[in-house]
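So this one's data_17.cif, mmCIF, C-alpha atoms and all ligand atoms; chains and numbers go by the auth columns:
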```cif
data_query
loop_
_atom_site.group_PDB
_atom_site.id
_atom_site.type_symbol
_atom_site.label_atom_id
_atom_site.label_comp_id
_atom_site.label_asym_id
_atom_site.label_seq_id
_atom_site.Cartn_x
_atom_site.Cartn_y
_atom_site.Cartn_z
_atom_site.B_iso_or_equiv
_atom_site.auth_seq_id
_atom_site.auth_asym_id
ATOM 1 C CA MET A 1 125.520 87.428 102.156 0.00 1 A
ATOM 2 C CA GLY A 2 123.530 88.569 105.169 0.00 2 A
ATOM 3 C CA GLN A 3 122.102 92.021 105.106 0.00 3 A
ATOM 4 C CA GLU A 4 120.978 94.383 107.791 0.00 4 A
ATOM 5 C CA LEU A 5 117.300 95.070 108.286 0.00 5 A
ATOM 6 C CA ASN A 6 117.884 98.814 108.122 0.00 6 A
ATOM 7 C CA ASN A 7 119.388 98.368 104.650 0.00 7 A
ATOM 8 C CA ILE A 8 116.264 96.500 103.504 0.00 8 A
ATOM 9 C CA GLU A 9 114.035 99.148 105.061 0.00 9 A
ATOM 10 C CA ARG A 10 116.024 101.995 103.475 0.00 10 A
ATOM 11 C CA MET A 11 115.856 100.368 100.049 0.00 11 A
ATOM 12 C CA TYR A 12 112.027 99.985 100.171 0.00 12 A
ATOM 13 C CA ASP A 13 111.714 103.529 101.513 0.00 13 A
ATOM 14 C CA THR A 14 113.754 104.670 98.488 0.00 14 A
ATOM 15 C CA VAL A 15 111.714 102.806 95.855 0.00 15 A
ATOM 16 C CA ALA A 16 108.317 102.918 97.605 0.00 16 A
ATOM 17 C CA LYS A 17 106.521 105.044 95.006 0.00 17 A
ATOM 18 C CA GLU A 18 108.051 103.265 92.009 0.00 18 A
ATOM 19 C CA TYR A 19 107.455 99.824 93.573 0.00 19 A
ATOM 20 C CA SER A 20 103.859 100.727 94.214 0.00 20 A
ATOM 21 C CA GLU A 21 103.333 102.025 90.646 0.00 21 A
ATOM 22 C CA THR A 22 104.950 98.889 89.183 0.00 22 A
ATOM 23 C CA PHE A 23 103.405 96.136 91.295 0.00 23 A
ATOM 24 C CA SER A 24 100.150 97.323 92.836 0.00 24 A
ATOM 25 C CA ARG A 25 97.993 95.866 90.013 0.00 25 A
ATOM 26 C CA GLU A 26 100.182 92.867 89.207 0.00 26 A
ATOM 27 C CA HIS A 27 97.620 90.184 90.113 0.00 27 A
ATOM 28 C CA GLU A 28 95.578 91.241 87.069 0.00 28 A
ATOM 29 C CA LYS A 29 98.313 89.682 84.910 0.00 29 A
ATOM 30 C CA LYS A 30 98.986 86.617 87.069 0.00 30 A
ATOM 31 C CA PRO A 31 96.231 83.990 86.896 0.00 31 A
ATOM 32 C CA LYS A 32 98.097 81.461 89.057 0.00 32 A
ATOM 33 C CA ASP A 33 98.404 84.025 91.866 0.00 33 A
ATOM 34 C CA ARG A 34 94.670 84.680 91.632 0.00 34 A
ATOM 35 C CA GLU A 35 93.899 80.949 91.710 0.00 35 A
ATOM 36 C CA ILE A 36 96.123 80.510 94.784 0.00 36 A
ATOM 37 C CA LEU A 37 94.533 83.480 96.553 0.00 37 A
ATOM 38 C CA HIS A 38 91.034 82.142 95.830 0.00 38 A
ATOM 39 C CA ARG A 39 92.080 78.800 97.302 0.00 39 A
ATOM 40 C CA PHE A 40 93.477 80.562 100.391 0.00 40 A
ATOM 41 C CA SER A 41 90.256 82.536 100.837 0.00 41 A
ATOM 42 C CA GLN A 42 88.157 79.362 100.586 0.00 42 A
ATOM 43 C CA GLU A 43 90.335 77.506 103.082 0.00 43 A
ATOM 44 C CA ILE A 44 90.436 80.367 105.582 0.00 44 A
ATOM 45 C CA GLY A 45 86.661 80.925 105.277 0.00 45 A
ATOM 46 C CA ASP A 46 85.440 83.374 107.899 0.00 46 A
ATOM 47 C CA ARG A 47 88.306 82.809 110.320 0.00 47 A
ATOM 48 C CA LYS A 48 90.138 85.951 111.432 0.00 48 A
ATOM 49 C CA PRO A 49 92.311 87.872 111.687 0.00 49 A
ATOM 50 C CA VAL A 50 94.407 87.436 108.559 0.00 50 A
ATOM 51 C CA TRP A 51 97.647 89.364 108.011 0.00 51 A
ATOM 52 C CA ASP A 52 99.735 90.081 104.916 0.00 52 A
ATOM 53 C CA PHE A 53 103.347 90.153 106.171 0.00 53 A
ATOM 54 C CA GLY A 54 105.863 92.055 104.010 0.00 54 A
ATOM 55 C CA CYS A 55 102.787 93.482 102.317 0.00 55 A
ATOM 56 C CA GLY A 56 104.531 96.139 100.203 0.00 56 A
ATOM 57 C CA PRO A 57 101.904 98.389 98.581 0.00 57 A
ATOM 58 C CA GLY A 58 99.128 96.017 99.652 0.00 58 A
ATOM 59 C CA GLN A 59 98.096 94.401 96.365 0.00 59 A
ATOM 60 C CA THR A 60 97.707 90.932 97.882 0.00 60 A
ATOM 61 C CA ALA A 61 95.840 92.226 100.927 0.00 61 A
ATOM 62 C CA LYS A 62 93.513 94.123 98.598 0.00 62 A
ATOM 63 C CA TYR A 63 92.864 91.043 96.468 0.00 63 A
ATOM 64 C CA LEU A 64 91.920 89.023 99.547 0.00 64 A
ATOM 65 C CA LYS A 65 89.851 91.892 100.956 0.00 65 A
ATOM 66 C CA ASN A 66 87.844 91.864 97.723 0.00 66 A
ATOM 67 C CA LEU A 67 87.220 88.145 98.320 0.00 67 A
ATOM 68 C CA GLY A 68 85.706 89.005 101.687 0.00 68 A
ATOM 69 C CA ILE A 69 88.699 88.308 103.929 0.00 69 A
ATOM 70 C CA GLU A 70 89.245 90.523 106.973 0.00 70 A
ATOM 71 C CA ILE A 71 92.908 91.338 106.382 0.00 71 A
ATOM 72 C CA SER A 72 95.559 93.811 107.543 0.00 72 A
ATOM 73 C CA GLY A 73 99.073 94.460 106.247 0.00 73 A
ATOM 74 C CA LEU A 74 102.448 94.728 107.961 0.00 74 A
ATOM 75 C CA ASP A 75 105.744 95.884 106.473 0.00 75 A
ATOM 76 C CA LEU A 76 109.187 97.034 107.566 0.00 76 A
ATOM 77 C CA SER A 77 109.145 100.124 105.339 0.00 77 A
ATOM 78 C CA GLU A 78 107.151 103.131 106.565 0.00 78 A
ATOM 79 C CA LYS A 79 107.243 104.676 103.086 0.00 79 A
ATOM 80 C CA ILE A 80 105.793 101.624 101.386 0.00 80 A
ATOM 81 C CA ILE A 81 103.083 101.505 104.046 0.00 81 A
ATOM 82 C CA GLU A 82 102.284 105.146 103.221 0.00 82 A
ATOM 83 C CA GLN A 83 101.750 104.071 99.605 0.00 83 A
ATOM 84 C CA ALA A 84 99.584 101.142 100.681 0.00 84 A
ATOM 85 C CA ARG A 85 97.430 103.446 102.838 0.00 85 A
ATOM 86 C CA ILE A 86 96.954 105.926 99.966 0.00 86 A
ATOM 87 C CA ILE A 87 95.857 103.221 97.505 0.00 87 A
ATOM 88 C CA HIS A 88 93.809 101.133 99.966 0.00 88 A
ATOM 89 C CA PRO A 89 92.495 103.461 102.701 0.00 89 A
ATOM 90 C CA GLU A 90 89.957 100.809 103.733 0.00 90 A
ATOM 91 C CA ILE A 91 92.708 98.403 104.868 0.00 91 A
ATOM 92 C CA HIS A 92 94.677 98.699 108.112 0.00 92 A
ATOM 93 C CA PHE A 93 98.469 98.729 107.529 0.00 93 A
ATOM 94 C CA ARG A 94 101.182 98.995 110.121 0.00 94 A
ATOM 95 C CA LYS A 95 104.929 98.886 110.484 0.00 95 A
ATOM 96 C CA GLY A 96 106.458 95.715 111.904 0.00 96 A
ATOM 97 C CA ASN A 97 109.207 93.152 111.594 0.00 97 A
ATOM 98 C CA ILE A 98 108.561 89.540 110.603 0.00 98 A
ATOM 99 C CA LEU A 99 111.707 88.530 112.485 0.00 99 A
ATOM 100 C CA GLY A 100 110.261 89.813 115.777 0.00 100 A
ATOM 101 C CA LEU A 101 106.490 89.938 115.548 0.00 101 A
ATOM 102 C CA GLU A 102 104.577 91.990 118.114 0.00 102 A
ATOM 103 C CA PHE A 103 101.650 89.559 118.241 0.00 103 A
ATOM 104 C CA GLU A 104 100.484 87.156 120.921 0.00 104 A
ATOM 105 C CA ASN A 105 101.049 83.429 120.498 0.00 105 A
ATOM 106 C CA ASP A 106 98.200 81.609 118.675 0.00 106 A
ATOM 107 C CA SER A 107 96.480 84.865 117.723 0.00 107 A
ATOM 108 C CA ILE A 108 96.264 84.930 113.888 0.00 108 A
ATOM 109 C CA ALA A 109 94.106 82.706 111.656 0.00 109 A
ATOM 110 C CA GLY A 110 96.069 83.133 108.453 0.00 110 A
ATOM 111 C CA VAL A 111 99.300 84.713 107.214 0.00 111 A
ATOM 112 C CA VAL A 112 100.185 85.466 103.609 0.00 112 A
ATOM 113 C CA ALA A 113 103.729 86.539 102.752 0.00 113 A
ATOM 114 C CA PHE A 114 104.324 87.170 99.049 0.00 114 A
ATOM 115 C CA TYR A 115 108.063 87.418 98.357 0.00 115 A
ATOM 116 C CA ALA A 116 108.586 88.809 101.856 0.00 116 A
ATOM 117 C CA ILE A 117 111.628 86.576 102.447 0.00 117 A
ATOM 118 C CA VAL A 118 113.512 87.669 99.300 0.00 118 A
ATOM 119 C CA HIS A 119 116.200 89.524 101.257 0.00 119 A
ATOM 120 C CA PHE A 120 116.602 87.056 104.113 0.00 120 A
ATOM 121 C CA THR A 121 119.529 84.760 104.793 0.00 121 A
ATOM 122 C CA GLU A 122 118.685 81.094 105.425 0.00 122 A
ATOM 123 C CA GLU A 123 119.056 81.782 109.145 0.00 123 A
ATOM 124 C CA GLN A 124 116.579 84.677 108.943 0.00 124 A
ATOM 125 C CA VAL A 125 114.122 82.487 106.996 0.00 125 A
ATOM 126 C CA GLY A 126 114.218 80.037 109.905 0.00 126 A
ATOM 127 C CA ILE A 127 113.543 82.852 112.385 0.00 127 A
ATOM 128 C CA ALA A 128 110.680 84.179 110.226 0.00 128 A
ATOM 129 C CA PHE A 129 109.020 80.752 109.929 0.00 129 A
ATOM 130 C CA ARG A 130 109.251 80.156 113.676 0.00 130 A
ATOM 131 C CA GLU A 131 107.730 83.585 114.329 0.00 131 A
ATOM 132 C CA VAL A 132 104.853 82.942 111.904 0.00 132 A
ATOM 133 C CA PHE A 133 104.308 79.540 113.507 0.00 133 A
ATOM 134 C CA ARG A 134 104.259 81.099 116.974 0.00 134 A
ATOM 135 C CA VAL A 135 101.610 83.705 116.158 0.00 135 A
ATOM 136 C CA LEU A 136 99.334 81.442 114.097 0.00 136 A
ATOM 137 C CA GLN A 137 96.329 79.852 115.768 0.00 137 A
ATOM 138 C CA PRO A 138 96.292 76.035 115.792 0.00 138 A
ATOM 139 C CA GLY A 139 94.945 75.094 112.375 0.00 139 A
ATOM 140 C CA GLY A 140 96.132 78.451 111.013 0.00 140 A
ATOM 141 C CA ILE A 141 97.244 78.705 107.383 0.00 141 A
ATOM 142 C CA PHE A 142 100.539 80.114 106.108 0.00 142 A
ATOM 143 C CA LEU A 143 100.712 81.038 102.400 0.00 143 A
ATOM 144 C CA LEU A 144 104.203 81.962 101.244 0.00 144 A
ATOM 145 C CA THR A 145 105.832 82.671 97.894 0.00 145 A
ATOM 146 C CA TYR A 146 109.519 82.737 97.012 0.00 146 A
ATOM 147 C CA HIS A 147 111.966 82.616 94.086 0.00 147 A
ATOM 148 C CA ILE A 148 113.422 79.156 93.488 0.00 148 A
ATOM 149 C CA GLY A 149 117.192 78.776 93.117 0.00 149 A
ATOM 150 C CA GLU A 150 120.461 78.459 94.921 0.00 150 A
ATOM 151 C CA ASP A 151 122.036 81.847 94.362 0.00 151 A
ATOM 152 C CA ALA A 152 121.638 85.441 95.322 0.00 152 A
ATOM 153 C CA ILE A 153 121.852 88.404 92.996 0.00 153 A
ATOM 154 C CA HIS A 154 123.207 91.766 93.970 0.00 154 A
ATOM 155 C CA LEU A 155 121.491 94.899 92.650 0.00 155 A
ATOM 156 C CA ASP A 156 122.937 98.424 92.568 0.00 156 A
ATOM 157 C CA GLU A 157 119.905 99.774 90.779 0.00 157 A
ATOM 158 C CA PHE A 158 116.208 98.927 91.084 0.00 158 A
ATOM 159 C CA LEU A 159 113.243 100.710 89.508 0.00 159 A
ATOM 160 C CA GLY A 160 115.511 103.576 88.464 0.00 160 A
ATOM 161 C CA LYS A 161 116.963 104.206 91.936 0.00 161 A
ATOM 162 C CA ARG A 162 120.459 103.534 93.236 0.00 162 A
ATOM 163 C CA ILE A 163 120.358 100.818 95.861 0.00 163 A
ATOM 164 C CA ASP A 164 122.661 98.195 97.341 0.00 164 A
ATOM 165 C CA ILE A 165 120.856 94.949 98.122 0.00 165 A
ATOM 166 C CA ASN A 166 120.833 91.201 97.627 0.00 166 A
ATOM 167 C CA PHE A 167 117.849 89.232 96.340 0.00 167 A
ATOM 168 C CA MET A 168 117.908 85.649 97.619 0.00 168 A
ATOM 169 C CA PHE A 169 116.756 82.445 95.974 0.00 169 A
ATOM 170 C CA PHE A 170 115.932 79.281 97.923 0.00 170 A
ATOM 171 C CA THR A 171 115.681 75.621 97.057 0.00 171 A
ATOM 172 C CA THR A 172 112.381 73.922 97.634 0.00 172 A
ATOM 173 C CA ASP A 173 114.153 71.284 99.749 0.00 173 A
ATOM 174 C CA PHE A 174 115.431 74.043 102.037 0.00 174 A
ATOM 175 C CA ILE A 175 112.043 75.760 102.363 0.00 175 A
ATOM 176 C CA PHE A 176 110.272 72.435 102.988 0.00 176 A
ATOM 177 C CA SER A 177 112.673 71.309 105.726 0.00 177 A
ATOM 178 C CA CYS A 178 112.763 74.757 107.319 0.00 178 A
ATOM 179 C CA LEU A 179 108.946 74.808 107.538 0.00 179 A
ATOM 180 C CA LYS A 180 108.903 71.268 108.911 0.00 180 A
ATOM 181 C CA ASP A 181 111.571 72.123 111.503 0.00 181 A
ATOM 182 C CA SER A 182 109.480 75.133 112.530 0.00 182 A
ATOM 183 C CA GLY A 183 106.560 72.810 113.287 0.00 183 A
ATOM 184 C CA PHE A 184 104.357 73.165 110.197 0.00 184 A
ATOM 185 C CA GLU A 185 102.504 70.211 108.675 0.00 185 A
ATOM 186 C CA LYS A 186 100.572 69.543 105.445 0.00 186 A
ATOM 187 C CA ILE A 187 103.261 71.471 103.576 0.00 187 A
ATOM 188 C CA GLU A 188 102.395 71.759 99.907 0.00 188 A
ATOM 189 C CA ILE A 189 104.761 73.508 97.510 0.00 189 A
ATOM 190 C CA ILE A 190 103.562 74.412 94.005 0.00 190 A
ATOM 191 C CA GLU A 191 106.300 75.453 91.566 0.00 191 A
ATOM 192 C CA LYS A 192 105.810 77.397 88.372 0.00 192 A
ATOM 193 C CA GLU A 193 107.686 79.095 85.550 0.00 193 A
ATOM 194 C CA PRO A 194 107.601 82.916 85.503 0.00 194 A
ATOM 195 C CA TYR A 195 105.056 84.724 83.348 0.00 195 A
ATOM 196 C CA ALA A 196 107.140 85.934 80.427 0.00 196 A
ATOM 197 C CA GLY A 197 107.229 89.691 80.119 0.00 197 A
ATOM 198 C CA VAL A 198 105.354 90.096 83.407 0.00 198 A
ATOM 199 C CA GLU A 199 107.630 88.603 86.056 0.00 199 A
ATOM 200 C CA TYR A 200 111.358 88.568 86.662 0.00 200 A
ATOM 201 C CA GLU A 201 112.690 85.434 84.962 0.00 201 A
ATOM 202 C CA SER A 202 112.975 83.104 87.920 0.00 202 A
ATOM 203 C CA ARG A 203 111.009 79.994 88.793 0.00 203 A
ATOM 204 C CA ARG A 204 108.624 80.666 91.661 0.00 204 A
ATOM 205 C CA ALA A 205 106.871 78.677 94.329 0.00 205 A
ATOM 206 C CA TYR A 206 103.642 79.037 96.315 0.00 206 A
ATOM 207 C CA VAL A 207 103.520 77.239 99.646 0.00 207 A
ATOM 208 C CA PHE A 208 100.578 76.248 101.811 0.00 208 A
ATOM 209 C CA ALA A 209 101.519 75.109 105.324 0.00 209 A
ATOM 210 C CA ILE A 210 99.362 74.473 108.378 0.00 210 A
ATOM 211 C CA LYS A 211 100.053 74.874 112.089 0.00 211 A
ATOM 212 C CA PRO A 212 98.919 71.569 113.627 0.00 212 A
ATOM 213 C CA VAL A 213 95.860 71.608 115.843 0.00 213 A
ATOM 214 C CA MET A 214 97.504 69.168 118.250 0.00 214 A
ATOM 215 C CA GLN A 215 101.025 70.351 119.149 0.00 215 A
ATOM 216 C CA LYS A 216 103.745 67.765 119.743 0.00 216 A
ATOM 217 C CA SER A 217 104.960 67.798 123.338 0.00 217 A
ATOM 218 C CA PRO A 218 108.584 68.973 123.694 0.00 218 A
HETATM 219 C C1 LIG B . 109.813 91.894 97.379 0.00 301 B
HETATM 220 S S1 LIG B . 108.856 92.923 98.405 0.00 301 B
HETATM 221 C C2 LIG B . 107.266 92.105 98.336 0.00 301 B
HETATM 222 C C3 LIG B . 106.147 93.060 98.611 0.00 301 B
HETATM 223 C C4 LIG B . 104.754 92.486 98.318 0.00 301 B
HETATM 224 N N1 LIG B . 104.415 91.412 99.218 0.00 301 B
HETATM 225 C C5 LIG B . 104.700 92.023 96.893 0.00 301 B
HETATM 226 O O1 LIG B . 104.423 90.835 96.647 0.00 301 B
HETATM 227 O O2 LIG B . 104.936 92.865 96.003 0.00 301 B
HETATM 228 C C6 LIG B . 109.410 92.504 100.043 0.00 301 B
HETATM 229 C C7 LIG B . 108.659 93.291 101.100 0.00 301 B
HETATM 230 O O3 LIG B . 108.975 92.729 102.375 0.00 301 B
HETATM 231 C C8 LIG B . 109.238 93.792 103.264 0.00 301 B
HETATM 232 N N2 LIG B . 110.128 93.256 104.310 0.00 301 B
HETATM 233 C C9 LIG B . 111.418 92.868 104.179 0.00 301 B
HETATM 234 N N3 LIG B . 111.904 92.446 105.352 0.00 301 B
HETATM 235 C C10 LIG B . 110.886 92.562 106.245 0.00 301 B
HETATM 236 C C11 LIG B . 110.769 92.304 107.642 0.00 301 B
HETATM 237 N N4 LIG B . 111.813 91.835 108.360 0.00 301 B
HETATM 238 N N5 LIG B . 109.593 92.539 108.248 0.00 301 B
HETATM 239 C C12 LIG B . 108.537 93.043 107.551 0.00 301 B
HETATM 240 N N6 LIG B . 108.590 93.310 106.223 0.00 301 B
HETATM 241 C C13 LIG B . 109.752 93.075 105.579 0.00 301 B
HETATM 242 C C14 LIG B . 109.874 94.862 102.418 0.00 301 B
HETATM 243 O O4 LIG B . 109.818 96.135 103.028 0.00 301 B
HETATM 244 C C15 LIG B . 109.057 94.750 101.146 0.00 301 B
HETATM 245 O O5 LIG B . 107.923 95.565 101.177 0.00 301 B
#
```
Would you put the structure from the file into structure tokens?
Ligand SMILES: C[S@@+](CC[C@H](N)C(=O)[O-])C[C@H]1O[C@@H](n2cnc3c(N)ncnc32)[C@H](O)[C@@H]1O
Amino acid sequence: MGQELNNIERMYDTVAKEYSETFSREHEKKPKDREILHRFSQEIGDRKPVWDFGCGPGQTAKYLKNLGIEISGLDLSEKIIEQARIIHPEIHFRKGNILGLEFENDSIAGVVAFYAIVHFTEEQVGIAFREVFRVLQPGGIFLLTYHIGEDAIHLDEFLGKRIDINFMFFTTDFIFSCLKDSGFEKIEIIEKEPYAGVEYESRRAYVFAIKPVMQKSP
């Protein structure tokens, strides 16, 4: 059930305004997300830079910015970035691809990626994790969220627009071993039930993973 990046980009271009209207204040209704973001901000401290990959309309970047984190956002969809820039003009957003990051090795202190892997195949998840690992500084923190499960669902309609896309679910065993294979350590996965009436009805997970300070020799 692989899908082309230009299909993902087109779909977020199509729903950019509606996605932004629906999700840009979602953390107000999600205490666990706020708790996790506070923990991230405490652990990252004053290290920088921090990037929100697959940032959408920038709600997570904004939350961390309000906690004093120097953060920028990156997304595949130019239209969703336009929305992010309108709502949060004080934050730097730019277009980019998690599967081929235009960043130097060891250059970023922290990466957050909230539901950014929801359209990826397992193979693409592996590529994304290796790319995040590559660009993180030793000791850098990766905070990821995903939907737990074994299936994918196909949608022809989303937020009132006609689309054609798959949403992917991943097992925690898969995510854990994929992170480990990519080189991460101190992998902690926190699972939770969805907030009824607020979130799509899938179990979710928040992941903290660290790039080791001492790299294993090949
Ligand atoms: C489900 S949305 C999540 C957006 C936001 N993080 C949130 O929590 O609402 C997935 C986002 O990832 C972006 N995305 C998907 N594939 C990407 C890629 N290869 N590189 C960068 N962004 C990507 C999409 O454009 C979309 O904005």
Chain A residues near ligand LIG 301 (chain B) within 8 Å, closest pair each, using all atoms listed in the file, as CSV:
```
residue,atom,partner,partner_atom,distance
A:Leu5,CA,B:LIG301,N4,6.4
A:Ile8,CA,B:LIG301,C9,6.1
A:Glu9,CA,B:LIG301,O4,5.6
A:Met11,CA,B:LIG301,O4,8.0
A:Tyr12,CA,B:LIG301,O4,5.3
A:Asp13,CA,B:LIG301,O4,7.8
A:Tyr19,CA,B:LIG301,O2,7.8
A:Phe23,CA,B:LIG301,O2,5.9
A:Ser24,CA,B:LIG301,O2,7.3
A:Asp52,CA,B:LIG301,N1,7.5
A:Phe53,CA,B:LIG301,C12,6.1
A:Gly54,CA,B:LIG301,O3,3.6
A:Cys55,CA,B:LIG301,N1,4.1
A:Gly56,CA,B:LIG301,O5,3.6
A:Pro57,CA,B:LIG301,C4,6.6
A:Gly58,CA,B:LIG301,C4,6.8
A:Gln59,CA,B:LIG301,O2,7.0
A:Thr60,CA,B:LIG301,O1,6.8
A:Leu74,CA,B:LIG301,C12,6.3
A:Asp75,CA,B:LIG301,N6,3.8
A:Leu76,CA,B:LIG301,N6,4.0
A:Ser77,CA,B:LIG301,O4,4.7
A:Ile80,CA,B:LIG301,O5,6.4
A:Lys95,CA,B:LIG301,C12,7.5
A:Gly96,CA,B:LIG301,C12,5.5
A:Asn97,CA,B:LIG301,N5,3.4
A:Ile98,CA,B:LIG301,N5,4.0
A:Leu99,CA,B:LIG301,N4,5.3
A:Gly100,CA,B:LIG301,N4,7.8
A:Ala113,CA,B:LIG301,N1,6.1
A:Phe114,CA,B:LIG301,N1,4.2
A:Tyr115,CA,B:LIG301,C2,4.8
A:Ala116,CA,B:LIG301,O3,4.0
A:Ile117,CA,B:LIG301,C9,6.5
A:Val118,CA,B:LIG301,C1,5.9
A:His119,CA,B:LIG301,C9,6.5
A:Phe120,CA,B:LIG301,N3,7.3
A:Ala128,CA,B:LIG301,N4,8.0
```
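When only C-alpha atoms are used to measure the gap to A:Asp46, the shortest distance among A:Ile91, A:Glu78, A:Ala109, A:Ala84 belongs to A:Ala109.
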inquiry  = From the options A:Lys32, A:Lys186, A:Lys79, A:His92, which residue's atoms come nearest to A:Pro49, counting only C-alpha atoms?
reply    = A:His92
remark   = Taken to one decimal, the atom CA of A:Glu199-atom CA of A:Val112 distance is 19.3 Å
List every residue of stretch 22-99 of chain A that has an atom at most 10 Å from any atom of stretch 140-156 of chain A, giving for each one its closest atom pair and the distance in Å to one decimal, counting all atoms listed in the file, sorted by chain and then by ascending residue number, as CSV.
```
residue,atom,partner,partner_atom,distance
A:Asp33,CA,A:Thr145,CA,9.7
A:Ile36,CA,A:Leu143,CA,8.9
A:Leu37,CA,A:Leu143,CA,8.9
A:Phe40,CA,A:Leu143,CA,7.5
A:Glu43,CA,A:Ile141,CA,8.2
A:Ile44,CA,A:Ile141,CA,7.2
A:Arg47,CA,A:Gly140,CA,9.0
A:Lys48,CA,A:Gly140,CA,9.6
A:Val50,CA,A:Ile141,CA,9.3
A:Trp51,CA,A:Phe142,CA,9.9
A:Asp52,CA,A:Leu143,CA,9.4
A:Phe53,CA,A:Leu144,CA,9.6
```
Preceding selection exported with C-alpha atoms as a short mmCIF file (atom, residue, chain, number, x, y, z; two decimals), keeping the file's coordinate frame:
```cif
data_model
loop_
_atom_site.label_atom_id
_atom_site.label_comp_id
_atom_site.auth_asym_id
_atom_site.auth_seq_id
_atom_site.Cartn_x
_atom_site.Cartn_y
_atom_site.Cartn_z
CA ASP A 33 98.40 84.02 91.87
CA ILE A 36 96.12 80.51 94.78
CA LEU A 37 94.53 83.48 96.55
CA PHE A 40 93.48 80.56 100.39
CA GLU A 43 90.34 77.51 103.08
CA ILE A 44 90.44 80.37 105.58
CA ARG A 47 88.31 82.81 110.32
CA LYS A 48 90.14 85.95 111.43
CA VAL A 50 94.41 87.44 108.56
CA TRP A 51 97.65 89.36 108.01
CA ASP A 52 99.74 90.08 104.92
CA PHE A 53 103.35 90.15 106.17
#
```
Given the PyMOL selection byres (((chain A and resi 187-191) around 6) and not hetatm) and the file above, list the residues it selects as a CSV table (one decimal) with C-alpha atoms, in the frame of the given file.
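Resulting contents of result-v3.csv:
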```csv
chain,number,residue,atom,x,y,z
A,185,GLU,CA,102.5,70.2,108.7
A,186,LYS,CA,100.6,69.5,105.4
A,192,LYS,CA,105.8,77.4,88.4
A,204,ARG,CA,108.6,80.7,91.7
A,205,ALA,CA,106.9,78.7,94.3
A,206,TYR,CA,103.6,79.0,96.3
A,207,VAL,CA,103.5,77.2,99.6
A,208,PHE,CA,100.6,76.2,101.8
A,209,ALA,CA,101.5,75.1,105.3
```
request  = Would you mind reading off the distance between atom CA of A:Glu70 and atom CA of A:Val135, one decimal, in Å?
outcome  = 16.8 Å
Near A:Gly183, within 10 Å and counting only C-alpha atoms, which residues show up once chain neighbours fewer than 5 positions away are dropped, as a PDB file with C-alpha atoms, in the frame of the given file?
```pdb
ATOM      1  CA  PHE A 129     109.020  80.752 109.929  1.00  0.00           C
ATOM      2  CA  ARG A 130     109.251  80.156 113.676  1.00  0.00           C
ATOM      3  CA  PHE A 133     104.308  79.540 113.507  1.00  0.00           C
ATOM      4  CA  ARG A 134     104.259  81.099 116.974  1.00  0.00           C
ATOM      5  CA  SER A 177     112.673  71.309 105.726  1.00  0.00           C
ATOM      6  CA  CYS A 178     112.763  74.757 107.319  1.00  0.00           C
ATOM      7  CA  ALA A 209     101.519  75.109 105.324  1.00  0.00           C
ATOM      8  CA  ILE A 210      99.362  74.473 108.378  1.00  0.00           C
ATOM      9  CA  LYS A 211     100.053  74.874 112.089  1.00  0.00           C
ATOM     10  CA  PRO A 212      98.919  71.569 113.627  1.00  0.00           C
ATOM     11  CA  GLN A 215     101.025  70.351 119.149  1.00  0.00           C
ATOM     12  CA  LYS A 216     103.745  67.765 119.743  1.00  0.00           C
TER      13      LYS A 216
END
```
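If you look at atom CA of A:Tyr63 and atom CA of A:Gly160, they are 27.1 Å away from each other.
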Mind working out the centre and edge lengths of an axis-aligned box for stretch 38-52 of chain A, all listed atoms inside, 3 Å added to each side, rounded to one decimal in Å and written as lines of an AutoDock Vina configuration file?
```
center_x = 92.6
center_y = 83.8
center_z = 103.8
size_x = 20.3
size_y = 18.6
size_z = 21.9
```
request  = Could you give me, as a PyMOL selection string, the residues within 10 Å of A:Lys30, counting all atoms listed in the file and dropping anything in the same chain fewer than 4 positions from it?
outcome  = chain A and resi 25-26+34-35+194-195+198-199
